[in-house]
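Listing of run_5.cif, mmCIF, C-alpha atoms
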```
data_final
loop_
_atom_site.group_PDB
_atom_site.id
_atom_site.type_symbol
_atom_site.label_atom_id
_atom_site.label_comp_id
_atom_site.auth_asym_id
_atom_site.auth_seq_id
_atom_site.Cartn_x
_atom_site.Cartn_y
_atom_site.Cartn_z
ATOM 1 C CA MET A 26 7.631 16.386 4.633
ATOM 2 C CA ARG A 27 8.120 14.505 1.385
ATOM 3 C CA THR A 28 7.651 11.108 3.022
ATOM 4 C CA THR A 29 4.364 11.903 4.793
ATOM 5 C CA PRO A 30 1.800 9.204 3.921
ATOM 6 C CA PHE A 31 -1.064 10.245 1.648
ATOM 7 C CA PHE A 32 -4.224 8.731 0.219
ATOM 8 C CA LEU A 33 -4.500 7.430 -3.335
ATOM 9 C CA THR A 34 -7.856 6.123 -4.524
ATOM 10 C CA ARG A 35 -8.392 2.853 -6.334
ATOM 11 C CA ASN A 36 -9.539 4.843 -9.366
ATOM 12 C CA GLU A 37 -6.390 6.972 -9.350
ATOM 13 C CA GLU A 38 -4.195 3.865 -9.195
ATOM 14 C CA ALA A 39 -6.190 2.188 -11.986
ATOM 15 C CA LEU A 40 -5.916 5.280 -14.169
ATOM 16 C CA SER A 41 -2.155 5.325 -13.632
ATOM 17 C CA ARG A 42 -2.046 1.877 -15.283
ATOM 18 C CA GLU A 43 -4.587 2.638 -18.022
ATOM 19 C CA ARG A 44 -3.070 5.970 -19.113
ATOM 20 C CA PRO A 45 0.541 6.046 -17.891
ATOM 21 C CA ALA A 46 1.647 8.646 -20.445
ATOM 22 C CA GLU A 47 -0.930 11.111 -19.111
ATOM 23 C CA TRP A 48 -0.987 10.296 -15.383
ATOM 24 C CA ARG A 49 1.122 12.149 -12.829
ATOM 25 C CA LEU A 50 0.584 12.842 -9.156
ATOM 26 C CA TYR A 51 1.978 16.127 -7.853
ATOM 27 C CA ARG A 52 2.376 16.628 -4.122
ATOM 28 C CA VAL A 53 3.138 20.015 -2.659
ATOM 29 C CA PHE A 54 4.738 19.938 0.772
ATOM 30 C CA GLU A 55 6.439 22.345 3.159
ATOM 31 C CA PHE A 56 4.200 25.007 1.617
ATOM 32 C CA ALA A 57 4.111 27.146 4.750
ATOM 33 C CA ALA A 58 7.885 27.597 4.974
ATOM 34 C CA ALA A 59 9.605 26.594 1.721
ATOM 35 C CA PRO A 60 7.211 25.079 -0.837
ATOM 36 C CA GLN A 61 8.470 22.022 -2.662
ATOM 37 C CA ILE A 62 6.874 19.682 -5.163
ATOM 38 C CA PHE A 63 7.178 15.929 -5.546
ATOM 39 C CA THR A 64 6.094 14.184 -8.741
ATOM 40 C CA LEU A 65 5.029 10.557 -8.727
ATOM 41 C CA GLU A 66 5.050 8.827 -12.108
ATOM 42 C CA PRO A 67 3.387 5.520 -12.941
ATOM 43 C CA PRO A 68 3.351 2.913 -11.759
ATOM 44 C CA PRO A 69 2.942 4.374 -8.283
ATOM 45 C CA ASP A 70 3.925 1.137 -6.544
ATOM 46 C CA ARG A 71 7.426 1.543 -7.967
ATOM 47 C CA ALA A 72 8.006 4.478 -5.587
ATOM 48 C CA VAL A 73 5.527 3.961 -2.736
ATOM 49 C CA SER A 74 4.000 1.066 -0.820
ATOM 50 C CA LEU A 75 0.281 0.810 -1.456
ATOM 51 C CA THR A 76 -1.748 -0.391 1.514
ATOM 52 C CA PRO A 77 -5.556 -0.741 1.441
ATOM 53 C CA ALA A 78 -7.000 1.819 3.851
ATOM 54 C CA THR A 79 -10.769 1.495 3.451
ATOM 55 C CA TRP A 80 -13.360 -1.174 2.811
ATOM 56 C CA SER A 81 -16.186 -1.108 0.324
ATOM 57 C CA ALA A 82 -19.308 -2.533 1.946
ATOM 58 C CA SER A 83 -22.417 -3.581 0.050
ATOM 59 C CA PHE A 84 -25.552 -5.353 1.150
ATOM 60 C CA ARG A 85 -25.962 -9.054 0.389
#
```
Represent the structure from my file as structure tokens, please.
Amino acid sequence: MRTTPFFLTRNEEALSRERPAEWRLYRVFEFAAAPQIFTLEPPPDRAVSLTPATWSASFR
């Protein structure tokens, strides 16, 4: 389904801002029955809600 949540790394999001003319995210969905493609152009937060999903932990 086109609206299924997906993961986007911090580096991918940063690159979308640094090189917007070159950055695109392509999602293939429904590939078992009727393949479709969704293209996300920068900035990604224009089309999707970005929610932190992991923590970076380092020793003090």
Which neighbours of region 43-51 of chain A fall inside 10 Å, counting only C-alpha atoms, when residues of the same chain fewer than 4 positions from it are skipped, and could you give them as a ChimeraX atom specification?
/A:33,37-39,62-69
Explicit residue set for the PyMOL selection byres ((chain A and resi 35) around 12), as a PDB file with C-alpha atoms, in the coordinates of the input:
```
ATOM      1  CA  PHE A  32      -4.224   8.731   0.219  1.00  0.00           C
ATOM      2  CA  LEU A  33      -4.500   7.430  -3.335  1.00  0.00           C
ATOM      3  CA  THR A  34      -7.856   6.123  -4.524  1.00  0.00           C
ATOM      4  CA  ASN A  36      -9.539   4.843  -9.366  1.00  0.00           C
ATOM      5  CA  GLU A  37      -6.390   6.972  -9.350  1.00  0.00           C
ATOM      6  CA  GLU A  38      -4.195   3.865  -9.195  1.00  0.00           C
ATOM      7  CA  ALA A  39      -6.190   2.188 -11.986  1.00  0.00           C
ATOM      8  CA  LEU A  40      -5.916   5.280 -14.169  1.00  0.00           C
ATOM      9  CA  SER A  41      -2.155   5.325 -13.632  1.00  0.00           C
ATOM     10  CA  ARG A  42      -2.046   1.877 -15.283  1.00  0.00           C
ATOM     11  CA  PRO A  69       2.942   4.374  -8.283  1.00  0.00           C
ATOM     12  CA  LEU A  75       0.281   0.810  -1.456  1.00  0.00           C
ATOM     13  CA  THR A  76      -1.748  -0.391   1.514  1.00  0.00           C
ATOM     14  CA  PRO A  77      -5.556  -0.741   1.441  1.00  0.00           C
ATOM     15  CA  ALA A  78      -7.000   1.819   3.851  1.00  0.00           C
ATOM     16  CA  THR A  79     -10.769   1.495   3.451  1.00  0.00           C
ATOM     17  CA  TRP A  80     -13.360  -1.174   2.811  1.00  0.00           C
ATOM     18  CA  SER A  81     -16.186  -1.108   0.324  1.00  0.00           C
TER      19      SER A  81
END
```
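One distance worth recording is that between CA of Thr29 (chain A) and CA of Phe54 (chain A), which is 9.0 Å.
For the atom pair formed by CA of Val73 (chain A) and CA of Gln61 (chain A), the distance is 18.3 Å, given to one decimal.
CA of Phe31 (chain A) to CA of Ala57 (chain A) spans 17.9 Å [interatomic distance, one decimal].
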Give me the box for region 41-50 of chain A as AutoDock Vina command-line options, namely the centre and edge lengths in Å to one decimal of a box along x, y and z that holds every listed atom plus 5 Å on each side.
```
--center_x -1.5 --center_y 7.4 --center_z -14.8 --size_x 16.2 --size_y 21.0 --size_z 21.3
```
